[in-house]
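Report on one structure; see the data block that follows.
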Amino acid sequence: MAMCLPPMSTAELAKAYEPKDVEPRWYAYWVEHDVFAATPDPADTRPVYVLPMPPPNVTGSLHMGHALFVTLEDVLTRWHRMRGFNTLWQPGIDHAGIATQTVVERQLKREGKSRHDLGREAFIERVWQWKNESGGRIALQQRELGASPDWPRSKFTMDADMSRAVREAFVRLYEQELIYRDTRLVHWDCEAQTVLSNLEVENEEANGELFEFAYPIAGGEGELVVATTRPETMLGDTAVAVHPDDPRYKHLHGKFLQHPFLDRRVPIITDAILVDPKFGTGAVKVTPAHDFNDHETGKRHKLEMISIMNKDGTLNENAGPFKGLERFAARKAVKKALEEKGLVRGSKNHTLVLPRSERNGSIVEPMISTQWFVKTKPLAGPALAAVRHGHVKIIPEDWTKTYEHWMTNILDWCISRQLWWGHRIPAFYCDACGHVMVTREDPTACEKCGEGKLRQDEDVLDTWFSSGLWPFSTLGWPNDTEMLRKFYPASDLETGYDILFFWVARMMMMGIHFMGVPPFKRILLHGMVVDETGDKMSKVKGNVIDPLDLVHGSTFDAVVEKTLPGAPREESLKKFKKAYPSASQMGAGFSAYGADALRFTLSTYSPQARRIPLSPKKIEGYRHFCNKIWNAVRYALPYLEGARVRREPPKATTLTNRWILSRLGAALETTKSGLDEFRLDEAALALYHFFWGELCDWYLELTKPVLNPSAGAKPGPEQDETKDVLAYVIEASIRALHPFIPYITEELWQRLPRPEGSPKSVALATYPAPGSVARDADAEREMGVVMAVISAARTIRSEHEVHPGAEVPLLLRAEGNAAVALLQSEARAIKTLVKTAAEPGIEARGAARPKGYVMSVASGVEVLVDLRGLVEGAKEAARIEREIKKTEKDIAALEKKLSLPSFAEKAPAEVVAESRHQLEELKKKRAGLDEAKGLAAELG
């Protein structure tokens, strides 16, 4: 078991970061030491931060959507925990009614059985057995990503206390006449044999057929031609509608048609709402029991509603000669029979909307059924007002309009499901007198007639009903618990935008209704993780990536086999590499990037973008960043012996030390605003650019002459100050990075010198606040000049291909005494980073360029590098000629583009402006190259 370790020597820190050697140890340590625990103790006066975790389905396994929400929510949780909040990230698992029942039923099918062979009680026992053995593995997978919820408080939506809360909510709503039972047209899943809510149906555009056939006019000559995409439903037709103003059919108003297969006369009705005279034949078959528009038409005209379908999708006795046929087989049979009767009038291709079950993908049928419903208008009103009045804020704000639209146009919620797995509806029917009782406890006798012949409703509740209670049922409601008093309402609710109405709106309605206040203060919505090309991930497309393959490493073959098992290897790899172009640059597969690299990558995408295109190459890049952090600490550790690390920043006098402290303060300011505003990308990138671009690329290099004896460093006040500053900045940076990359930061923090009285884990250490490190505008301005000078000299070396080991003579000319004094004070740093033969010459501006020197101007300073003896004149002349040809070619291409009316007039103004700017820069470069020819001659 990992323990808190004192600072260790470089020899004890491996040369490179290996996630597999670090991550398991520290997660075990955090769990053992209750690092993630929240406390309801009333005596605990810390501010509270609560984040309810969207409970993954018990059937689920980790996918990139889970990895995204775990990362975003864990960053917010760890950040608040480190800021001294009593933090509850409430974990749990959803029982996922349809999905779970489907999994177990498929198991039974492989055994040659059905749930009906077992019976209800035995089947439910079988589901519990599966849940205990295999369900909930996603919670274990979340741990591998470093998730830090309070695991001992985890809830399963079918736990006994959760079931009690669900029953109490149902009974109260029923008593308040907000729950009722009714017979109406619903969406029916024939595969799962259950009703679905509107939200559980995904409308998919598909290629179909518009099939035309004729109805003979009853008792006379003639016919009326109708068109349909579902010919089998004509067996349930109880009318044909025409537009009242359509002159083609005025002579048929009030007449009847003869059904070709059934002893039924079908009336011709007029309806201006249903019929568009310009579509199809202008005559519309009406099937009130199997189409939502037709259903409303049927109610307007008091038409008979004839159901032709059984719950399993086969046709019933109302289908006459087609009884017993499966629905799609019936479609073919009806078309064939119409053709045999000479009634087919043609067909054509037609784009249609195909309703599919969101749970299992099967095609959904509209069917008449008796179900339980919630009256949503009385619940939606307060939930809508809470957002409109600013009590709850939705981020990104543009989702507010979507929320308002949904809540304003909300329909009653069908909450009953014809399943066995789930919360059974607490309604009991008396067979003696027909009375219905909805009770908190199972009754033994009818409250009306006293008879004991009672049977409970067979249906269970929609999964989203129990999920809608999540923010307070997990805390002990309906009991008045300490947890409920302490942790309700939640601070934030973070989830994908795709379940804004499925889950978020339902929690808003339920929370306000039962608790009196909204269940959270902010709704934070993130986008959907898609492949690198922007396509939605799916197994059919072969573009699904298991997050744990990225954490632990995997070959492409193994990844593809998971996505398209059994498919031809070359075809599968082709699909995969099309979805992830950068993957083809990465060899045979994914390295073990570790959880930190994956988390940091996900943090750098804007969470508010609708689509988040995952790039394996980007993950590889942030894996290098983790190694950069590791190597920076490994480099610094030997110099930190004897450093004094306090909670406040050390006093800094040298420009370099003042500058790095100020830049740390700037990074912390951006980080806090990013985390406050749910722009985790801005926060993560601020720390990335600070650590790599400023701390590693500049500060560590600048401190070598001060700290490294081989670079001439000597003990003294400057060295002591620099040690203290380096120790403070690295330790503070590790704390700042911890919410994003918890594993590597814990490993390194335990080895760094740190303030006395530090806690047992960096996860419990104080997050560095921006105000704790003061900004120093003078230091940033002055250091900006020094850095610009160094960069200009380095650019000259690079452009003129000076050997990396060669030392160059450097002359600096500045304007004014202050600038000269600044360069003189930082001459040692300039010498070290430019690699000059001696400290640079520094003088006032005004003299001509000396022979053999190349000059650049940076921040008002003339930077001159003597290339004599370092660059051959002929070689330099050849290089310049190559540059001239390339530059002229680029100029010609840009001038041609800008001369095209199609570009200059139609392209966005900012694009045209950028092209013109590029052209001006190229022309300046071209002029400079002519001057460089003279330098080549000077070099001989």
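Going by the structure tokens order, chains are called A, B, ..., each with residues numbered from 1, while ligands are numbered from 1 in the order shown.
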
Practice task
For A:Ala777, please output as a ChimeraX atom specification all residues within 12 Å (counting only C-alpha atoms; exclusion window: fewer than 6 positions along the same chain).
Solution key: /A:655,658-663,665-666,783-784

Exercise for the section: Write out as a list of chain:residue names the residues lying within 6 Å of stretch 398-415 of chain A, counting only C-alpha atoms and excluding same-chain residues fewer than 5 positions away. Expected result: A:Ser197, A:Trp372, A:Phe373, A:Val374, A:Lys375, A:Thr376, A:Ala380, A:Leu461, A:Asp462

Practice task
Can you list, as JSON, numbers by chain, all residues belonging to stretch 372-560 of chain A that DSSP tags as alpha helix (DSSP H)?
Solution key: {"A": [377, 378, 379, 380, 381, 382, 383, 384, 385, 386, 387, 388, 399, 400, 401, 402, 403, 404, 405, 406, 407, 408, 463, 464, 465, 466, 467, 470, 471, 472, 473, 482, 483, 484, 485, 486, 487, 505, 506, 507, 508, 509, 510, 511, 512, 513, 514, 515, 547, 548, 549, 550, 551, 552, 556, 557, 558, 559, 560]}

Exercise for the section: With a distance cut-off of 10 Å and only C-alpha atoms, select the neighbouring residues of A:Met82, excluding the residue or stretch itself and same-chain residues fewer than 2 positions from it, and output the selection as a ChimeraX atom specification. Expected result: /A:77-80,84-87,735-736,738-739,762-768

Selection to disk with N, CA and C atoms, as a short mmCIF file (atom, residue, chain, number, x, y, z; two decimals), in the first residue's frame:
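To be explicit, this is the file written out as again_13.cif:
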```cif
data_model
loop_
_atom_site.label_atom_id
_atom_site.label_comp_id
_atom_site.auth_asym_id
_atom_site.auth_seq_id
_atom_site.Cartn_x
_atom_site.Cartn_y
_atom_site.Cartn_z
N THR A 77 -15.39 18.25 -8.86
CA THR A 77 -15.46 17.73 -7.49
C THR A 77 -14.14 17.90 -6.78
N ARG A 78 -13.05 17.48 -7.42
CA ARG A 78 -11.73 17.60 -6.78
C ARG A 78 -11.37 19.07 -6.54
N TRP A 79 -11.74 19.94 -7.47
CA TRP A 79 -11.44 21.36 -7.32
C TRP A 79 -12.14 21.93 -6.09
N HIS A 80 -13.42 21.61 -5.94
CA HIS A 80 -14.15 22.11 -4.77
C HIS A 80 -13.63 21.48 -3.48
N GLY A 84 -11.82 23.46 0.11
CA GLY A 84 -12.35 23.41 1.46
C GLY A 84 -13.83 23.15 1.54
N PHE A 85 -14.45 22.70 0.45
CA PHE A 85 -15.87 22.39 0.47
C PHE A 85 -16.11 20.98 1.01
N ASN A 86 -17.19 20.81 1.72
CA ASN A 86 -17.69 19.49 2.12
C ASN A 86 -18.37 18.93 0.86
N THR A 87 -17.68 18.06 0.16
CA THR A 87 -18.03 17.73 -1.22
C THR A 87 -18.68 16.36 -1.32
N ARG A 735 -0.43 21.04 -7.41
CA ARG A 735 -1.76 21.14 -6.77
C ARG A 735 -2.80 21.66 -7.77
N ALA A 736 -2.41 22.65 -8.57
CA ALA A 736 -3.35 23.23 -9.54
C ALA A 736 -3.76 22.21 -10.61
N HIS A 738 -3.89 18.95 -10.15
CA HIS A 738 -4.42 17.71 -9.58
C HIS A 738 -5.84 17.37 -10.03
N PRO A 739 -6.80 18.29 -10.04
CA PRO A 739 -8.15 17.89 -10.45
C PRO A 739 -8.21 17.28 -11.85
N VAL A 762 -2.65 15.04 -1.81
CA VAL A 762 -2.80 16.30 -2.53
C VAL A 762 -4.27 16.59 -2.81
N ALA A 763 -5.09 15.54 -2.84
CA ALA A 763 -6.52 15.72 -3.06
C ALA A 763 -7.18 16.51 -1.94
N LEU A 764 -6.53 16.56 -0.77
CA LEU A 764 -7.05 17.30 0.37
C LEU A 764 -6.25 18.57 0.64
N ALA A 765 -5.23 18.82 -0.17
CA ALA A 765 -4.42 20.03 -0.02
C ALA A 765 -5.22 21.24 -0.52
N THR A 766 -4.79 22.42 -0.15
CA THR A 766 -5.48 23.65 -0.55
C THR A 766 -5.19 23.96 -2.01
N TYR A 767 -6.26 24.22 -2.75
CA TYR A 767 -6.06 24.60 -4.16
C TYR A 767 -5.48 26.01 -4.21
N PRO A 768 -4.44 26.23 -5.03
CA PRO A 768 -3.81 27.56 -5.06
C PRO A 768 -4.75 28.60 -5.65
#
```

Practice task
Pick out each residue of stretch 401-461 of chain A that DSSP on the backbone tags as strand (DSSP E); I need them as a ChimeraX atom specification.
Solution key: /A:413-414,416-417,427-430,436-438,454-456,460-461

Exercise for the section: Could you check how far atom CA of A:Val104 sits from atom CA of A:Ala122, in Å to one decimal? Expected result: 12.0 Å

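Nearest residue to A:Trp420, choosing from A:Arg331, A:Arg83, A:Arg120, A:Arg845 and counting only C-alpha atoms: A:Arg120.
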
Problem - All residues 10 Å or closer to A:Val353, only C-alpha atoms, same chain fewer than 3 positions away omitted, as a ChimeraX atom specification - result: /A:202-208,350,356

With N, CA, C and O atoms retained, write the just-selected residues as a PDB file, in the first residue's frame.
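Listing of out-v3.pdb after writing:
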```
ATOM      1  N   GLU A 202     -36.776   7.308 -31.128  1.00  0.00           N
ATOM      2  CA  GLU A 202     -35.884   8.080 -31.983  1.00  0.00           C
ATOM      3  C   GLU A 202     -36.407   8.025 -33.411  1.00  0.00           C
ATOM      4  O   GLU A 202     -36.578   6.941 -33.975  1.00  0.00           O
ATOM      5  N   ASN A 203     -36.676   9.182 -33.983  1.00  0.00           N
ATOM      6  CA  ASN A 203     -37.190   9.245 -35.355  1.00  0.00           C
ATOM      7  C   ASN A 203     -36.022   9.282 -36.329  1.00  0.00           C
ATOM      8  O   ASN A 203     -35.230  10.226 -36.337  1.00  0.00           O
ATOM      9  N   GLU A 204     -35.935   8.233 -37.130  1.00  0.00           N
ATOM     10  CA  GLU A 204     -34.807   8.050 -38.041  1.00  0.00           C
ATOM     11  C   GLU A 204     -35.287   8.201 -39.485  1.00  0.00           C
ATOM     12  O   GLU A 204     -36.250   7.566 -39.899  1.00  0.00           O
ATOM     13  N   GLU A 205     -34.620   9.044 -40.249  1.00  0.00           N
ATOM     14  CA  GLU A 205     -34.972   9.195 -41.659  1.00  0.00           C
ATOM     15  C   GLU A 205     -34.527   7.953 -42.421  1.00  0.00           C
ATOM     16  O   GLU A 205     -33.408   7.471 -42.245  1.00  0.00           O
ATOM     17  N   ALA A 206     -35.414   7.428 -43.283  1.00  0.00           N
ATOM     18  CA  ALA A 206     -35.101   6.196 -44.005  1.00  0.00           C
ATOM     19  C   ALA A 206     -35.738   6.223 -45.387  1.00  0.00           C
ATOM     20  O   ALA A 206     -36.676   6.996 -45.649  1.00  0.00           O
ATOM     21  N   ASN A 207     -35.222   5.383 -46.260  1.00  0.00           N
ATOM     22  CA  ASN A 207     -35.794   5.235 -47.593  1.00  0.00           C
ATOM     23  C   ASN A 207     -36.941   4.238 -47.521  1.00  0.00           C
ATOM     24  O   ASN A 207     -36.789   3.133 -47.006  1.00  0.00           O
ATOM     25  N   GLY A 208     -38.098   4.637 -48.027  1.00  0.00           N
ATOM     26  CA  GLY A 208     -39.264   3.758 -48.000  1.00  0.00           C
ATOM     27  C   GLY A 208     -40.018   3.799 -49.311  1.00  0.00           C
ATOM     28  O   GLY A 208     -39.494   4.245 -50.341  1.00  0.00           O
ATOM     29  N   HIS A 350     -39.868   6.863 -51.451  1.00  0.00           N
ATOM     30  CA  HIS A 350     -40.351   7.931 -50.569  1.00  0.00           C
ATOM     31  C   HIS A 350     -39.479   7.969 -49.316  1.00  0.00           C
ATOM     32  O   HIS A 350     -39.215   6.936 -48.695  1.00  0.00           O
ATOM     33  N   ARG A 356     -37.990   4.436 -33.992  1.00  0.00           N
ATOM     34  CA  ARG A 356     -37.303   3.280 -33.402  1.00  0.00           C
ATOM     35  C   ARG A 356     -37.202   3.445 -31.895  1.00  0.00           C
ATOM     36  O   ARG A 356     -37.094   4.553 -31.377  1.00  0.00           O
TER      37      ARG A 356
END
```

Handout entry: atom CA of A:Thr314 to atom CA of A:Val186, straight-line distance in Å
Key =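 Rounded to one decimal, the two atoms are 17.1 Å apart.
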
Considering only C-alpha atoms, tabulate each residue of stretch 323-401 of chain A that lies at most 10 Å from stretch 295-300 of chain A along with its nearest interatomic pair and the corresponding distance in Å to one decimal; arrange the rows by chain and ascending residue number and present them as a Markdown table.
```
| residue | atom | partner | partner_atom | distance |
| --- | --- | --- | --- | --- |
| A:Pro366 | CA | A:His295 | CA | 9.6 |
| A:Met367 | CA | A:His295 | CA | 9.9 |
| A:Ile368 | CA | A:His295 | CA | 9.4 |
```

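Nearest-residue note for A:Asp312: choosing from A:Glu561, A:Glu365, A:Asp930, A:Glu801, the minimum distance belongs to A:Glu365, counting only C-alpha atoms.
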
Practice task
Would you list the contacts of stretch 670-679 of chain A as a PyMOL selection string, taking every protein, DNA or RNA residue within 10 Å and counting only C-alpha atoms, but skipping same-chain residues closer than 5 positions in sequence?
Solution key: chain A and resi 72+75-76+79-80+395-396+494+524-526+603-608+665+684-687+736-737+768-770

Keeping only N, CA and C atoms, write the selected residues to a file as a PDB file, in the first residue's frame.
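Result written to out.pdb:
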```
ATOM      1  N   LEU A  72     -15.160  15.470 -16.460  1.00  0.00           N
ATOM      2  CA  LEU A  72     -15.640  16.828 -16.160  1.00  0.00           C
ATOM      3  C   LEU A  72     -16.132  16.940 -14.724  1.00  0.00           C
ATOM      4  N   VAL A  75     -13.230  16.655 -12.167  1.00  0.00           N
ATOM      5  CA  VAL A  75     -12.465  17.906 -12.075  1.00  0.00           C
ATOM      6  C   VAL A  75     -13.184  18.896 -11.158  1.00  0.00           C
ATOM      7  N   LEU A  76     -14.480  19.069 -11.374  1.00  0.00           N
ATOM      8  CA  LEU A  76     -15.240  20.002 -10.536  1.00  0.00           C
ATOM      9  C   LEU A  76     -15.253  19.560  -9.078  1.00  0.00           C
ATOM     10  N   TRP A  79     -11.738  19.936  -7.474  1.00  0.00           N
ATOM     11  CA  TRP A  79     -11.436  21.362  -7.320  1.00  0.00           C
ATOM     12  C   TRP A  79     -12.145  21.929  -6.092  1.00  0.00           C
ATOM     13  N   HIS A  80     -13.419  21.609  -5.943  1.00  0.00           N
ATOM     14  CA  HIS A  80     -14.149  22.113  -4.767  1.00  0.00           C
ATOM     15  C   HIS A  80     -13.635  21.477  -3.477  1.00  0.00           C
ATOM     16  N   ILE A 395     -26.148  26.215 -18.499  1.00  0.00           N
ATOM     17  CA  ILE A 395     -24.912  26.531 -19.222  1.00  0.00           C
ATOM     18  C   ILE A 395     -24.606  25.368 -20.176  1.00  0.00           C
ATOM     19  N   PRO A 396     -24.446  25.635 -21.486  1.00  0.00           N
ATOM     20  CA  PRO A 396     -24.484  26.905 -22.195  1.00  0.00           C
ATOM     21  C   PRO A 396     -25.905  27.493 -22.214  1.00  0.00           C
ATOM     22  N   GLU A 494     -24.388  18.132 -13.797  1.00  0.00           N
ATOM     23  CA  GLU A 494     -23.610  18.090 -15.036  1.00  0.00           C
ATOM     24  C   GLU A 494     -23.995  16.835 -15.802  1.00  0.00           C
ATOM     25  N   LEU A 524     -25.260  22.089 -16.064  1.00  0.00           N
ATOM     26  CA  LEU A 524     -24.086  22.169 -16.937  1.00  0.00           C
ATOM     27  C   LEU A 524     -24.198  21.067 -17.989  1.00  0.00           C
ATOM     28  N   LEU A 525     -24.267  21.464 -19.245  1.00  0.00           N
ATOM     29  CA  LEU A 525     -24.499  20.491 -20.311  1.00  0.00           C
ATOM     30  C   LEU A 525     -23.266  20.356 -21.199  1.00  0.00           C
ATOM     31  N   HIS A 526     -22.826  19.112 -21.379  1.00  0.00           N
ATOM     32  CA  HIS A 526     -21.695  18.879 -22.280  1.00  0.00           C
ATOM     33  C   HIS A 526     -22.172  18.229 -23.572  1.00  0.00           C
ATOM     34  N   SER A 603     -10.459  17.184 -21.109  1.00  0.00           N
ATOM     35  CA  SER A 603     -10.629  18.490 -20.465  1.00  0.00           C
ATOM     36  C   SER A 603     -10.305  19.643 -21.406  1.00  0.00           C
ATOM     37  N   THR A 604      -9.495  19.392 -22.435  1.00  0.00           N
ATOM     38  CA  THR A 604      -9.070  20.488 -23.312  1.00  0.00           C
ATOM     39  C   THR A 604     -10.066  20.766 -24.437  1.00  0.00           C
ATOM     40  N   TYR A 605     -11.075  19.910 -24.596  1.00  0.00           N
ATOM     41  CA  TYR A 605     -12.155  20.214 -25.532  1.00  0.00           C
ATOM     42  C   TYR A 605     -13.180  21.089 -24.812  1.00  0.00           C
ATOM     43  N   SER A 606     -13.768  22.025 -25.525  1.00  0.00           N
ATOM     44  CA  SER A 606     -14.810  22.830 -24.896  1.00  0.00           C
ATOM     45  C   SER A 606     -15.984  21.925 -24.527  1.00  0.00           C
ATOM     46  N   PRO A 607     -16.343  21.837 -23.249  1.00  0.00           N
ATOM     47  CA  PRO A 607     -17.459  20.963 -22.869  1.00  0.00           C
ATOM     48  C   PRO A 607     -18.777  21.453 -23.445  1.00  0.00           C
ATOM     49  N   GLN A 608     -18.803  22.725 -23.854  1.00  0.00           N
ATOM     50  CA  GLN A 608     -20.051  23.301 -24.338  1.00  0.00           C
ATOM     51  C   GLN A 608     -20.251  23.124 -25.843  1.00  0.00           C
ATOM     52  N   GLY A 665       0.486  33.302 -11.091  1.00  0.00           N
ATOM     53  CA  GLY A 665      -0.738  33.996 -10.696  1.00  0.00           C
ATOM     54  C   GLY A 665      -1.692  34.188 -11.862  1.00  0.00           C
ATOM     55  N   ALA A 684      -7.737  24.111 -18.224  1.00  0.00           N
ATOM     56  CA  ALA A 684      -6.707  23.104 -18.475  1.00  0.00           C
ATOM     57  C   ALA A 684      -5.597  23.671 -19.354  1.00  0.00           C
ATOM     58  N   LEU A 685      -5.965  24.395 -20.394  1.00  0.00           N
ATOM     59  CA  LEU A 685      -4.958  24.913 -21.323  1.00  0.00           C
ATOM     60  C   LEU A 685      -4.123  26.019 -20.687  1.00  0.00           C
ATOM     61  N   ALA A 686      -4.701  26.776 -19.770  1.00  0.00           N
ATOM     62  CA  ALA A 686      -3.910  27.792 -19.062  1.00  0.00           C
ATOM     63  C   ALA A 686      -2.795  27.133 -18.262  1.00  0.00           C
ATOM     64  N   LEU A 687      -3.107  26.041 -17.584  1.00  0.00           N
ATOM     65  CA  LEU A 687      -2.089  25.330 -16.804  1.00  0.00           C
ATOM     66  C   LEU A 687      -1.082  24.641 -17.712  1.00  0.00           C
ATOM     67  N   ALA A 736      -2.413  22.649  -8.574  1.00  0.00           N
ATOM     68  CA  ALA A 736      -3.349  23.225  -9.536  1.00  0.00           C
ATOM     69  C   ALA A 736      -3.755  22.213 -10.606  1.00  0.00           C
ATOM     70  N   LEU A 737      -2.845  21.335 -10.963  1.00  0.00           N
ATOM     71  CA  LEU A 737      -3.110  20.337 -12.002  1.00  0.00           C
ATOM     72  C   LEU A 737      -3.862  19.117 -11.469  1.00  0.00           C
ATOM     73  N   PRO A 768      -4.437  26.225  -5.032  1.00  0.00           N
ATOM     74  CA  PRO A 768      -3.812  27.559  -5.060  1.00  0.00           C
ATOM     75  C   PRO A 768      -4.754  28.600  -5.655  1.00  0.00           C
ATOM     76  N   ALA A 769      -5.102  29.577  -4.865  1.00  0.00           N
ATOM     77  CA  ALA A 769      -6.008  30.631  -5.314  1.00  0.00           C
ATOM     78  C   ALA A 769      -5.226  31.697  -6.064  1.00  0.00           C
ATOM     79  N   PRO A 770      -5.820  32.310  -7.086  1.00  0.00           N
ATOM     80  CA  PRO A 770      -5.086  33.330  -7.856  1.00  0.00           C
ATOM     81  C   PRO A 770      -4.612  34.492  -7.000  1.00  0.00           C
TER      82      PRO A 770
END
```

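Counting only C-alpha atoms, stretch 35-41 of chain A has the following residues at most 9 Å away, ignoring those fewer than 5 positions along the same chain: A:Tyr29, A:Trp30, A:Arg78, A:Arg81, A:Asn86, A:Thr87, A:Leu88, A:Trp89, A:Ser148, A:Pro149, A:Asp150, A:Trp151, A:Pro152, A:Arg153, A:Glu482, A:Met483, A:Leu484, A:Arg485, A:Lys486, A:Phe487, A:Lys760, A:Ser761, A:Ala763, A:Leu764.
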